[in-house]
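Listing of input-v5.cif; format and content: mmCIF, C-alpha atoms.
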```cif
data_protein
loop_
_atom_site.label_atom_id
_atom_site.label_comp_id
_atom_site.auth_asym_id
_atom_site.auth_seq_id
_atom_site.Cartn_x
_atom_site.Cartn_y
_atom_site.Cartn_z
CA MET R 1 -19.96 -3.62 -9.08
CA SER R 2 -17.83 -3.94 -12.22
CA LYS R 3 -17.07 -0.21 -12.19
CA LYS R 4 -15.99 -0.42 -8.55
CA LEU R 5 -13.66 -3.31 -9.29
CA GLY R 6 -12.30 -1.53 -12.35
CA ALA R 7 -11.59 1.56 -10.25
CA GLU R 8 -9.74 -0.57 -7.68
CA PHE R 9 -7.78 -2.34 -10.43
CA PHE R 10 -6.60 0.89 -12.05
CA GLY R 11 -6.04 2.65 -8.73
CA THR R 12 -3.80 -0.15 -7.49
CA PHE R 13 -2.07 -0.30 -10.87
CA TRP R 14 -1.22 3.40 -10.51
CA LEU R 15 0.00 2.95 -6.94
CA VAL R 16 2.40 0.13 -7.88
CA PHE R 17 3.45 1.66 -11.18
CA GLY R 18 4.06 5.11 -9.72
CA GLY R 19 5.46 4.15 -6.34
CA CYS R 20 7.54 1.11 -7.23
CA GLY R 21 8.37 2.63 -10.60
CA SER R 22 9.92 5.65 -8.92
CA ALA R 23 12.03 3.33 -6.76
CA LEU R 24 13.17 1.25 -9.73
CA LEU R 25 13.73 4.00 -12.29
CA ALA R 26 14.54 7.18 -10.40
CA ALA R 27 15.84 6.44 -6.91
CA GLY R 28 19.21 4.88 -7.69
CA VAL R 29 20.40 7.04 -10.57
CA ASP R 30 22.87 9.93 -10.23
CA LEU R 31 21.09 12.79 -8.47
CA GLY R 32 18.13 10.45 -8.04
CA ILE R 33 15.09 11.10 -5.88
CA GLY R 34 16.14 8.83 -2.97
CA TYR R 35 13.90 7.73 -0.11
CA VAL R 36 12.17 11.11 0.10
CA GLY R 37 11.22 11.10 -3.56
CA VAL R 38 9.94 7.52 -3.45
CA SER R 39 7.91 8.35 -0.34
CA LEU R 40 6.35 11.31 -2.09
CA ALA R 41 5.64 9.23 -5.20
CA PHE R 42 3.65 6.68 -3.21
CA GLY R 43 1.68 9.44 -1.51
CA LEU R 44 0.94 11.12 -4.82
CA THR R 45 -0.36 7.92 -6.39
CA VAL R 46 -2.98 7.51 -3.67
CA LEU R 47 -3.84 11.21 -3.59
CA THR R 48 -4.38 11.46 -7.34
CA MET R 49 -6.35 8.22 -7.72
CA ALA R 50 -8.45 8.92 -4.63
CA TYR R 51 -9.62 12.11 -6.33
CA ALA R 52 -9.93 10.37 -9.71
CA VAL R 53 -11.89 7.22 -8.78
CA GLY R 54 -12.53 7.45 -5.04
CA GLY R 55 -16.12 8.45 -5.74
CA ILE R 56 -16.64 5.18 -7.62
CA SER R 57 -15.04 2.54 -5.40
CA GLY R 58 -14.06 4.39 -2.25
CA GLY R 59 -10.43 4.49 -3.32
CA HIS R 60 -9.02 1.64 -1.25
CA PHE R 61 -6.24 0.27 -3.53
CA ASN R 62 -5.10 -1.88 -0.62
CA PRO R 63 -6.50 -5.12 0.90
CA ALA R 64 -5.63 -3.92 4.42
CA VAL R 65 -7.63 -0.73 3.88
CA SER R 66 -10.61 -2.71 2.57
CA LEU R 67 -10.48 -4.99 5.61
CA GLY R 68 -10.17 -2.06 8.00
CA LEU R 69 -13.11 -0.27 6.43
CA ALA R 70 -15.20 -3.44 6.70
CA VAL R 71 -14.29 -3.81 10.39
CA ALA R 72 -15.24 -0.16 10.91
CA GLY R 73 -18.62 -0.67 9.25
CA ARG R 74 -17.79 1.55 6.27
CA PHE R 75 -17.59 -1.25 3.68
CA SER R 76 -19.60 -4.37 2.86
CA TRP R 77 -18.03 -7.67 3.88
CA SER R 78 -19.56 -9.28 0.79
CA GLU R 79 -17.40 -7.08 -1.45
CA LEU R 80 -14.14 -7.72 0.39
CA VAL R 81 -12.79 -10.67 -1.60
CA PRO R 82 -13.71 -9.19 -5.03
CA TYR R 83 -11.92 -5.98 -4.02
CA TRP R 84 -8.86 -7.96 -2.93
CA ILE R 85 -8.76 -9.80 -6.25
CA ALA R 86 -9.05 -6.57 -8.26
CA GLN R 87 -6.34 -4.91 -6.17
CA VAL R 88 -3.88 -7.79 -6.46
CA LEU R 89 -4.46 -8.13 -10.21
CA GLY R 90 -4.00 -4.40 -10.74
CA GLY R 91 -0.72 -4.49 -8.86
CA ILE R 92 0.60 -7.53 -10.72
CA VAL R 93 -0.19 -6.01 -14.12
CA ALA R 94 1.59 -2.81 -13.10
CA ALA R 95 4.63 -4.80 -11.95
CA ALA R 96 4.65 -6.71 -15.24
CA VAL R 97 4.65 -3.44 -17.20
CA LEU R 98 7.48 -2.14 -15.02
CA TYR R 99 9.41 -5.35 -15.67
CA LEU R 100 9.12 -4.77 -19.42
CA VAL R 101 10.40 -1.23 -18.96
CA VAL R 102 13.37 -1.93 -16.70
CA THR R 103 14.56 -4.92 -18.70
CA GLY R 104 14.70 -2.66 -21.74
CA LYS R 105 17.87 -1.10 -20.38
CA SER R 106 21.08 -2.94 -21.12
CA GLY R 107 22.78 -4.15 -17.96
CA PHE R 108 19.87 -3.37 -15.63
CA VAL R 109 20.00 -5.68 -12.58
CA ILE R 110 16.58 -6.75 -11.25
CA THR R 111 17.64 -7.88 -7.72
CA ASN R 112 14.80 -7.09 -5.26
CA PHE R 113 12.56 -5.24 -7.78
CA ALA R 114 11.34 -2.84 -5.05
CA ALA R 115 10.06 -5.80 -3.03
CA ASN R 116 9.50 -5.79 0.71
CA GLY R 117 11.53 -7.85 3.13
CA TYR R 118 13.16 -8.38 6.51
CA GLY R 119 16.58 -9.66 7.53
CA ASP R 120 18.85 -9.77 4.49
CA LEU R 121 16.01 -8.36 2.34
CA SER R 122 15.47 -5.32 4.57
CA PRO R 123 17.16 -2.19 3.15
CA GLU R 124 18.95 -1.70 6.48
CA HIS R 125 18.80 -5.36 7.63
CA TYR R 126 16.06 -5.07 10.27
CA GLY R 127 14.81 -8.37 11.63
CA LEU R 128 11.44 -10.10 11.51
CA LEU R 129 10.10 -8.63 14.78
CA ALA R 130 10.99 -5.06 13.82
CA ALA R 131 9.41 -5.55 10.41
CA ALA R 132 6.21 -6.98 11.88
CA VAL R 133 5.88 -4.21 14.46
CA ILE R 134 6.47 -1.36 12.02
CA GLU R 135 4.00 -2.78 9.48
CA ILE R 136 1.28 -3.36 12.08
CA VAL R 137 1.66 0.04 13.74
CA LEU R 138 1.87 2.06 10.54
CA THR R 139 -1.05 0.26 8.89
CA ALA R 140 -3.14 0.84 12.02
CA PHE R 141 -2.41 4.54 11.96
CA PHE R 142 -3.06 4.65 8.22
CA LEU R 143 -6.57 3.33 8.89
CA ILE R 144 -7.11 5.84 11.68
CA VAL R 145 -6.14 8.66 9.29
CA ILE R 146 -8.39 7.28 6.55
CA LEU R 147 -11.38 6.87 8.84
CA GLY R 148 -10.87 10.28 10.42
CA ALA R 149 -10.26 12.13 7.15
CA THR R 150 -13.41 10.66 5.62
CA ALA R 151 -15.65 10.95 8.70
CA ARG R 152 -18.78 13.09 8.53
CA THR R 153 -17.15 15.59 10.90
CA ALA R 154 -14.05 16.05 8.69
CA PRO R 155 -13.72 19.01 6.29
CA ALA R 156 -15.27 18.03 2.96
CA GLY R 157 -12.97 17.37 0.02
CA PHE R 158 -9.69 17.10 1.92
CA GLY R 159 -9.72 13.35 2.63
CA PRO R 160 -7.47 12.30 -0.29
CA LEU R 161 -4.93 14.98 0.62
CA ALA R 162 -4.65 13.78 4.22
CA ILE R 163 -4.48 10.14 3.13
CA GLY R 164 -1.80 10.80 0.52
CA LEU R 165 0.32 12.75 2.98
CA ALA R 166 -0.11 10.00 5.57
CA LEU R 167 1.19 7.42 3.11
CA THR R 168 4.14 9.68 2.32
CA LEU R 169 4.97 9.91 6.02
CA ILE R 170 4.61 6.16 6.44
CA HIS R 171 7.19 5.61 3.71
CA LEU R 172 9.57 8.17 5.18
CA ILE R 173 9.49 6.21 8.44
CA SER R 174 9.67 2.65 7.20
CA ILE R 175 11.49 2.36 3.87
CA PRO R 176 14.75 1.53 5.75
CA VAL R 177 12.98 -1.19 7.74
CA THR R 178 10.87 -3.15 5.21
CA ASN R 179 10.94 -1.02 2.05
CA THR R 180 7.40 -0.16 3.24
CA SER R 181 4.45 -2.35 2.48
CA VAL R 182 1.32 -1.52 4.55
CA ASN R 183 -0.35 -2.94 1.42
CA PRO R 184 -0.45 -6.67 0.59
CA ALA R 185 -1.34 -6.02 -3.06
CA ARG R 186 1.74 -3.84 -3.55
CA SER R 187 3.94 -6.47 -1.89
CA THR R 188 2.48 -9.36 -3.87
CA ALA R 189 2.82 -7.59 -7.20
CA VAL R 190 6.57 -7.02 -7.12
CA ALA R 191 7.48 -10.19 -5.22
CA PHE R 192 6.70 -12.24 -8.34
CA PHE R 193 9.41 -10.40 -10.29
CA ALA R 194 12.11 -10.08 -7.63
CA GLN R 195 15.23 -12.20 -7.97
CA THR R 196 15.39 -12.73 -4.22
CA ASP R 197 13.39 -14.70 -1.63
CA ALA R 198 10.70 -12.00 -1.60
CA LEU R 199 7.97 -14.60 -2.24
CA GLY R 200 9.20 -16.60 0.74
CA GLN R 201 8.77 -13.56 2.99
CA LEU R 202 5.49 -12.38 1.42
CA TRP R 203 3.39 -13.97 4.18
CA LEU R 204 4.49 -11.24 6.60
CA PHE R 205 3.35 -8.49 4.25
CA TRP R 206 -0.13 -9.96 4.21
CA VAL R 207 -0.40 -10.87 7.87
CA ALA R 208 1.03 -7.69 9.44
CA PRO R 209 -0.87 -5.12 7.33
CA LEU R 210 -4.15 -7.02 7.71
CA ILE R 211 -3.68 -7.14 11.49
CA GLY R 212 -2.78 -3.45 11.48
CA GLY R 213 -5.76 -2.52 9.33
CA ALA R 214 -8.21 -4.35 11.59
CA LEU R 215 -6.53 -2.95 14.72
CA GLY R 216 -6.68 0.62 13.44
CA ALA R 217 -10.37 0.24 12.63
CA LEU R 218 -11.10 -1.15 16.10
CA ILE R 219 -9.19 1.71 17.75
CA TRP R 220 -11.17 4.22 15.69
CA LYS R 221 -14.53 2.57 16.43
CA THR R 222 -14.00 2.13 20.16
CA LEU R 223 -11.88 5.11 21.19
CA ILE R 224 -12.05 7.92 18.64
CA GLU R 225 -15.10 7.88 16.39
CA PRO R 226 -17.43 10.86 17.02
CA LYS R 227 -20.79 9.78 18.35
CA GLU R 228 -24.21 11.16 17.52
#
```

Could you take the file, read its structure, and then write that structure out as structure tokens?
Amino acid sequence: MSKKLGAEFFGTFWLVFGGCGSALLAAGVDLGIGYVGVSLAFGLTVLTMAYAVGGISGGHFNPAVSLGLAVAGRFSWSELVPYWIAQVLGGIVAAAVLYLVVTGKSGFVITNFAANGYGDLSPEHYGLLAAAVIEIVLTAFFLIVILGATARTAPAGFGPLAIGLALTLIHLISIPVTNTSVNPARSTAVAFFAQTDALGQLWLFWVAPLIGGALGALIWKTLIEPKE
């Protein structure tokens, strides 16, 4: 079990460090990578770590994914809370390392620290309802992709590629709305370091992805999953 939790810790660390790090360090500079580059960075973090440690822990790196896999019968309920703890801790440590890096530049302004939000904290000022809907829908489809790409009928070895590309697409759609969560661990990690009310809005980025993860798993189990 310790190796599984270690894999989830380091996988989530890489997701937050690579994805949020790209937003903090490379998106806003002259000729920076922008929304497209940040979207690709998040997808690449999951793709690379899914290949690296997916065989150890399953490569969740996301409490909503762990919940969805449990609902779908692919993951033990008894391991859910330990996975969540490892994922959140991995994300927070990554955010702390990023904080040390960004504050090493004279004049760097922390502001939202790549945190998620709605209303005034949304990149394009989308409201609470829009934020909740986009997070639920996209997390549900993320689970459908994960379950389908790792099903016994799927081509072997291509699961991480499909999952990474799905996360890239999710970010391309929703960065303007919520700065894209679909992952409570990612949202929690950076909210602690943001100089905004990100912690006050964090509840949504637990509730909506968890609902979406469970919903996606139920859709897969009842409507899509291949039967014997």

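Nearest residue to Leu25 (chain R) among R:Gly6, R:Gly164, R:Gly104, R:Gly43 is R:Gly104, counting all atoms listed in the file.
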
### Query
With all atoms listed in the file as the basis for distance, which of R:Val93, R:Ala130, R:Ala149, R:Val137 is at the shortest distance from Phe193 (chain R)?
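Closest to Phe193 (chain R) of all the choices is R:Val93.
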
### Message
So, with only C-alpha atoms as the atoms that count, which of R:Pro184, R:Gly90, R:Pro63, R:Pro82 lies closest to Met1 (chain R)?
### Response
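Of the candidates, the smallest distance to Met1 (chain R) is held by R:Pro82.
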
### Task
Starting from the shown file, work through the PyMOL selection byres ((chain R and resi 220) around 9) and note down what comes out as a PyMOL selection string.
chain R and resi 72+143-144+147-148+215-219+221-225

### Query
Interatomic distance between CA of Leu202 (chain R) and CA of Thr188 (chain R)?
6.8 Å

### Task
Could you please determine the separation between CA of Phe205 (chain R) and CA of Gly117 (chain R) in Å, to one decimal place?
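These atoms are spaced 8.3 Å apart.
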
### Message
Suppose a student applies the PyMOL selection byres ((chain R and resi 92) around 9) to this structure; what residues should they get, written as a list in words?
### Response
Phe13, Val16, Gln87, Val88, Leu89, Gly90, Gly91, Val93, Ala94, Ala95, Ala96, Val97, Ala185, Arg186, Thr188, Ala189, Val190 and Phe192 of chain R

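Among the candidate residues R:Val65, R:Tyr99, R:Asn112, R:Asp120, the one lying nearest to Gly212 (chain R) is R:Val65, with distances computed using only C-alpha atoms.
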
### Task
Would you please work out which residue, of R:Ile134, R:Leu121, R:Val38, R:Leu47, is nearest to Ala198 (chain R) when using all atoms listed in the file?
R:Leu121

### Task
Please provide as a list of chain:residue names all residues within 8 Å of Gly213 (chain R), with the sequence filter that same-chain residues fewer than 4 positions apart are discarded (counting all atoms listed in the file).
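Residues meeting the cut-off are R:Ala64, R:Val65, R:Leu67, R:Gly68, R:Ile136, R:Thr139, R:Ala140, R:Phe142, R:Leu143, R:Pro209, R:Ala217.
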
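The space between CA of Trp206 (chain R) and CA of Ala52 (chain R) spans 26.5 Å.
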
### Task
Have a look at R:Tyr35, R:Phe158, R:Trp203, R:Phe61 and name the one nearest to Asn116 (chain R); count all atoms listed in the file.
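Once distances to Asn116 (chain R) are computed over all atoms listed in the file, the minimum belongs to R:Trp203.
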
### Query
So which residues touch Val109 (chain R) within 10 Å, counting only C-alpha atoms, skipping near sequence neighbours fewer than 5 positions away, as a PyMOL selection string?
chain R and resi 102-103+195

Could you work out an axis-aligned box for region 103-122 of chain R, taking every atom the file lists and adding 4 Å on each side, and report centre and edge lengths in Å to one decimal, as lines of an AutoDock Vina configuration file?
```
center_x = 16.1
center_y = -5.4
center_z = -7.1
size_x = 21.3
size_y = 16.7
size_z = 37.3
```
